[in-house]
Every structure is written in C-alpha cells, then in structure tokens.
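J.: I am attaching a structure below and will ask some questions about it afterwards.
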Amino acid sequence: MKPNTIAMRSIITIRFLLTTVFLVTCFAAFAQINKLKPEVYHNFIKPDMRVSVKTIDRGMIRETNTATLSTFQVPVDRKKVINYENAITSIDKSSFEKLKSKLPPAIAAEDIRIIPELHVEPTVGGQTEAVAYRILFTLLQPLHYDQGLKKYTAQLGFLLMSESGNYDPPAVPVDVEISPGESVSVDPRALKIDHISIPSMIVNLAAGKVKDSIAVKVMTISNPEGYTTYLKVKPLLEISTNRSKMQGFGIQETPINVRFVGSDSPDSVKVDFSAEKGTITPNSVYVHYNKSSTVYLRSEGLGKSKITAASSVADSNDLNLKFVFPWLFLLASILGGLTGSLAKYFSGPKEKDSPVKPVIGGVLIGLIGAVAYYGLGVNLLGINLSAGMHELAVFAISALAAYFGISLIKLDGKK
C-alpha cells in the first residue's frame, strides 16, 4: 500500500474519532442541561424574577449566585436552594389546594406559613425529573392560654411540601432550627426532616407571659440568620363572679365580670351572653381586649343555671350558679318588719290597743317593701335608696317600710 494512501486513511480515521468525541461530548452536555419546569414554581416565583441560588454541599453553602428560573438548570451533583423572598409568607391559593388533602380538616390556609426557599435535589441514577420542595409549618394549635398549665401554649407542625410531584425523600435530611423569643420555650429546637409530606414533625411552644404575640425565628442552612415570624395570641374569653349561690325567685342580682386574657389591644368585640335560668342585663356588650366589662344576672326560680358568653374571637368558660330558696332574705325582712312595727307601736300614743294587728301589718308591709325593692326594682318608700343586696339592707328597708307605714308609700318611686 502506498504511503500516501496510508496517510490519508489515518487522517480520515483521526477526523472520525475527533468528530465522534465531539458529538458525544455535545450530547452529554445537552443531556445535562435539564431546566426546571415552570409548573414547579410559577405559583410563587415569576420566571424573569432574579433570585438567589445557593449551592449546598455537606451541610454548608459552597456557592451563591443570582439567576432567573427561566435559565435555571436542575443540578446533577449538588443540591441547590433558591431563596426568592426575605420573609416567611402565607401559602398561596394554588399550593393550598394541592396540599389540603394531606392536612387535617381543621387546618385553614391562614394557619400555614411558607419558608421562602425552593429546594432542588440533584438528579441521580439517570433520573430526569427534578425533586423540588419547600419547607412549611402549620399552626396545629394556635397560641392560647392553657388554664391547666397556667401558660400560653402553641403547637407547630413542620413538613416538606413537594412542588415537583415527586415524593422521593431528600438525599440528606433537611435541617431546621427554631429559636424562640424571650421567655419562650421550644421543644424540640432542632429538626431533621427526612421525608416529603406528612407526617409533620411537631414542635411545642410555651410562654409564661405574653402580650399580643410571640416572635419565633426559623433558621435553615441556606439562611442561618433565620426568618422571623410572629404567632398571634388567640385571646381567652373569661367570665367570673364571686358567688356560687344566689337567693332565688328574682330576689338577688349579682355582677358578672367579663374580660379577654392574652391581648393588650384597645380594640373591642361584641360579646353575647346566655343563661339557662335567670336574666342577664345587658345580654350583649362590647368588650375591649385590654379592659374588663360587667353585666348583671338576676335570679329566677330555684335550681342550677349555667352562664356562657360567646364572641367572634372565642367562647367563654362556663359559669355555674345555684339559685336557692331565699331563707335569709325572708328572715331579714321579717325581723326588719317586726323591729320597725314595734318601734312605731312603742313610740306612738300612750293609750294603745293590742299590738298584734299593727305588728303583723308592719311585718307584712316590710316584706312587701323589701320584695318590691329587690325583686321588681321598685322603691315603695319616698326615700332615695341605693342599697345592695345583703341582710342588713333587707332588714333596714323592711324596718323603714314597717315604721312609716302605708301612708308614706309612693308608687312612683324608682330604684
């Protein structure tokens, strides 16, 4: 074979090999250019929005760049975290619709907070679809006052929400650390989330003293300084009275104190009252979060009565009272009537008839005067009175009615 022919064939062979290597290289490079599908992020990131892209390797940030997701490539060797906001946000409507079937029915959209990071796992083993997810937490129990613990408590549930529809677990568990505000305890403080979706990882918070809200900082590897969010207190509506028993048949009236516990806001909310037995005046009142109000309960008949209050914010505790027969009232009234009638009899003319009739009449008049005053709110005496309901006051009113008699009774007198 001629040397020229051999040389020519060698050149052709070398060119063929170079062309083959070039094509293979181009194909490999093209195969690695796997862009993130817009449906993964379009609900919360605009394609032309510049975002921070951090490369994570062995639990540390190795590289930070800025890019738009229209040019973002799915990583092939190391995890990427896309930071698209600076603060924790509420969940968007589309994401909530996708997620709510996996959450308890009681969890509403406003109870879900999103960490503004899109985590994109590297493709491995010939995988072509990206594994992308975000960190979120749900407010399983709002911050409220626990009567048993005498503390404000809340419960959060942290989980990873798939954005790519792929539920393969992350290659390395996702680290989340929760740092509470002053005088707030957290258990546990650090999480390692190793799966997508439920079950949530539970975090319990407790605080001894709270005004309107508590600050909670959530820290991740891509943002070790943390994202701060605030958990607002769900105020406790509390009703109370210093009595457990009342004299029945409408004789006695007692104040009921109503207040919100857990908020210093000057705003007010309407509170409606209901009673199984008895009359509450007024039956609704606007109560300020930072100030108590008072309503009044008048007894009715005999037996037990449960008092409750409700508002658009919270329902109150139950207040249980017992209406008892008014023995003390009757005794004080009879003694007062007897005292008043005897005082009138012995201070009258020296020539006296039998004391039986005037004394009995005085006792009855005293009883009528006391019942009218305390039971109906009608003052049958022509004297301005502001007597509270207690034995001495009943005694005095009955004695006055018996002493002055019917001649001084004025039907237009009001309490």
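Here's how to read the names in the structure tokens: chain A, B, ... by the order shown, residue numbers from 1 in each chain, ligand numbers from 1 in the order shown.
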Quick one: pick out all strand (DSSP E or B) residues within region 114-353 of chain A from a backbone DSSP run and write them as JSON, numbers by chain.

T.: {"A": [114, 117, 118, 119, 120, 121, 131, 132, 133, 134, 135, 136, 137, 138, 139, 140, 141, 142, 143, 144, 145, 146, 151, 152, 153, 154, 155, 156, 157, 158, 159, 160, 161, 162, 174, 175, 176, 177, 178, 179, 180, 184, 185, 186, 187, 190, 191, 192, 193, 201, 202, 203, 204, 205, 206, 207, 213, 214, 215, 216, 217, 218, 219, 220, 227, 228, 229, 230, 231, 232, 233, 236, 237, 238, 239, 240, 245, 246, 247, 253, 254, 255, 256, 257, 258, 259, 260, 261, 268, 269, 270, 271, 272, 273, 274, 275, 279, 280, 281, 284, 285, 286, 287, 288, 293, 294, 295, 296, 297, 298, 303, 304, 305, 306, 307, 308, 309, 310, 315, 316, 319, 320, 321, 322, 323, 324]}

J.: Give me, as a short mmCIF file (atom, residue, chain, number, x, y, z; two decimals) with N, CA and C atoms, in the first residue's frame, all polymer residues having an atom no more than 8 Å from Asn43 (chain A), counting only C-alpha atoms and skipping those fewer than 3 positions away in the same chain.

T.:
```
data_model
loop_
_atom_site.label_atom_id
_atom_site.label_comp_id
_atom_site.auth_asym_id
_atom_site.auth_seq_id
_atom_site.Cartn_x
_atom_site.Cartn_y
_atom_site.Cartn_z
N GLU A 39 -44.07 24.78 35.87
CA GLU A 39 -45.17 24.42 36.76
C GLU A 39 -44.71 24.12 38.18
N VAL A 40 -43.40 23.93 38.34
CA VAL A 40 -42.86 23.70 39.68
C VAL A 40 -42.93 24.97 40.52
N LYS A 46 -41.91 34.43 39.72
CA LYS A 46 -42.02 34.81 38.32
C LYS A 46 -40.78 34.34 37.56
N ASP A 92 -49.93 30.30 49.10
CA ASP A 92 -50.77 30.78 48.00
C ASP A 92 -51.93 29.81 47.78
N SER A 94 -53.21 28.24 45.13
CA SER A 94 -52.99 27.02 44.33
C SER A 94 -52.22 25.97 45.13
N SER A 95 -51.20 26.41 45.86
CA SER A 95 -50.43 25.46 46.67
C SER A 95 -51.29 24.86 47.77
#
```

J.: Hey, what's within 12 Å of Tyr133 (chain A) if we count only C-alpha atoms and toss same-chain stuff fewer than 4 positions away? As an mmCIF file with C-alpha atoms, in the first residue's frame, please?

T.:
```
data_model
loop_
_atom_site.group_PDB
_atom_site.id
_atom_site.type_symbol
_atom_site.label_atom_id
_atom_site.label_comp_id
_atom_site.auth_asym_id
_atom_site.auth_seq_id
_atom_site.Cartn_x
_atom_site.Cartn_y
_atom_site.Cartn_z
ATOM 1 C CA VAL A 40 -42.865 23.696 39.681
ATOM 2 C CA TYR A 41 -42.537 27.353 40.672
ATOM 3 C CA LYS A 79 -28.297 20.458 45.932
ATOM 4 C CA LYS A 80 -29.486 23.971 45.052
ATOM 5 C CA VAL A 81 -31.621 26.194 47.266
ATOM 6 C CA ILE A 82 -33.468 29.091 45.637
ATOM 7 C CA SER A 95 -50.426 25.465 46.673
ATOM 8 C CA ILE A 114 -44.083 29.000 53.998
ATOM 9 C CA ILE A 115 -40.302 29.324 54.301
ATOM 10 C CA PRO A 116 -39.354 31.258 51.108
ATOM 11 C CA GLU A 117 -36.934 28.623 49.793
ATOM 12 C CA LEU A 118 -37.303 26.209 46.893
ATOM 13 C CA HIS A 119 -35.043 23.195 47.422
ATOM 14 C CA VAL A 120 -33.975 21.344 44.265
ATOM 15 C CA GLU A 121 -32.285 17.983 44.747
ATOM 16 C CA LEU A 159 -43.055 19.321 56.808
ATOM 17 C CA LEU A 160 -41.634 19.375 53.278
ATOM 18 C CA MET A 161 -44.180 20.136 50.545
ATOM 19 C CA SER A 162 -43.423 18.653 47.129
ATOM 20 C CA GLU A 163 -43.594 21.160 44.271
ATOM 21 C CA SER A 164 -42.477 18.762 41.539
ATOM 22 C CA GLY A 165 -44.948 15.966 42.282
ATOM 23 C CA ASN A 166 -42.032 13.710 43.168
ATOM 24 C CA TYR A 167 -42.122 12.297 46.693
ATOM 25 C CA ASP A 168 -38.649 10.732 46.783
ATOM 26 C CA PRO A 169 -37.020 11.622 50.124
ATOM 27 C CA PRO A 170 -34.225 14.203 50.143
ATOM 28 C CA VAL A 174 -33.276 18.942 55.829
ATOM 29 C CA ILE A 193 -36.813 16.273 58.168
ATOM 30 C CA HIS A 195 -39.297 12.733 54.129
ATOM 31 C CA ILE A 196 -41.649 14.636 51.851
ATOM 32 C CA SER A 197 -45.191 15.455 53.007
#
```

J.: Tell me, as number ranges by chain, which residues lie within 12 Å of Leu319 (chain A), counting only C-alpha atoms; anything in the same chain fewer than 4 positions away does not count.

T.: A: 238-245, 256-258, 273-277, 297, 304-309

J.: Give me the residues within 7 Å of Ser268 (chain A) as a ChimeraX atom specification, counting only C-alpha atoms and dropping any in the same chain fewer than 4 places off.

T.: /A:286-289

J.: With only C-alpha atoms as the counted atoms, please give the residues lying no more than 9 Å from region 143-153 of chain A, apart from itself and same-chain residues fewer than 4 positions off, as a ChimeraX atom specification.

T.: /A:139,204-210,213-214,231-236,261-262

J.: Restricting it to N, CA and C atoms, dump the selection as a tab-separated table (two decimals), in the first residue's frame.

T.:
```
chain	number	residue	atom	x	y	z
A	139	LEU	N	-50.01	25.76	61.84
A	139	LEU	CA	-50.37	26.12	63.20
A	139	LEU	C	-51.40	25.09	63.68
A	204	ASN	N	-43.47	22.06	70.05
A	204	ASN	CA	-44.32	22.65	71.08
A	204	ASN	C	-43.68	23.90	71.64
A	205	LEU	N	-44.48	24.95	71.80
A	205	LEU	CA	-44.01	26.20	72.37
A	205	LEU	C	-44.81	26.52	73.62
A	206	ALA	N	-44.14	27.15	74.59
A	206	ALA	CA	-44.82	27.55	75.83
A	206	ALA	C	-44.21	28.86	76.31
A	207	ALA	N	-45.06	29.73	76.84
A	207	ALA	CA	-44.60	31.03	77.35
A	207	ALA	C	-45.40	31.38	78.59
A	208	GLY	N	-44.72	31.96	79.57
A	208	GLY	CA	-45.41	32.31	80.81
A	208	GLY	C	-46.17	33.61	80.72
A	209	LYS	N	-45.63	34.56	79.98
A	209	LYS	CA	-46.25	35.88	79.90
A	209	LYS	C	-46.23	36.35	78.46
A	210	VAL	N	-47.37	36.76	77.95
A	210	VAL	CA	-47.48	37.17	76.55
A	210	VAL	C	-48.40	38.39	76.49
A	213	SER	N	-48.46	38.78	70.98
A	213	SER	CA	-47.88	37.76	70.12
A	213	SER	C	-46.50	37.39	70.65
A	214	ILE	N	-45.94	36.31	70.10
A	214	ILE	CA	-44.56	35.95	70.40
A	214	ILE	C	-43.79	35.84	69.09
A	231	LEU	N	-46.40	34.74	66.13
A	231	LEU	CA	-47.60	33.96	66.42
A	231	LEU	C	-48.51	34.80	67.30
A	232	LYS	N	-49.66	35.13	66.77
A	232	LYS	CA	-50.59	35.99	67.50
A	232	LYS	C	-51.37	35.18	68.52
A	233	VAL	N	-51.61	35.79	69.66
A	233	VAL	CA	-52.36	35.12	70.72
A	233	VAL	C	-53.83	35.04	70.34
A	234	LYS	N	-54.40	33.88	70.54
A	234	LYS	CA	-55.85	33.76	70.44
A	234	LYS	C	-56.40	34.06	71.83
A	235	PRO	N	-57.02	35.23	72.05
A	235	PRO	CA	-57.43	35.63	73.40
A	235	PRO	C	-58.41	34.64	74.01
A	236	LEU	N	-58.31	34.52	75.33
A	236	LEU	CA	-59.24	33.70	76.09
A	236	LEU	C	-60.34	34.59	76.63
A	261	VAL	N	-58.32	37.54	78.06
A	261	VAL	CA	-56.99	37.28	78.60
A	261	VAL	C	-56.04	37.00	77.43
A	262	GLY	N	-54.92	37.73	77.39
A	262	GLY	CA	-53.91	37.42	76.37
A	262	GLY	C	-53.74	38.47	75.30
```

J.: Tell me, which residues of region 208-339 of chain A carry DSSP helix (DSSP H, G or I), written as a PyMOL selection string?

T.: chain A and resi 327-339

J.: Compare A:Pro266, A:Gly250, A:Gly337, A:Pro282 by their minimum atom-to-atom distance to Val324 (chain A), counting only C-alpha atoms, and give me the closest one.

T.: A:Gly250

J.: Restricting the calculation to only C-alpha atoms, which member of A:Arg189, A:Lys102, A:Lys291, A:Lys54 is positioned closest to Asn223 (chain A)?

T.: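 When distances to Asn223 (chain A) are compared using only C-alpha atoms, the smallest one comes from A:Lys54.
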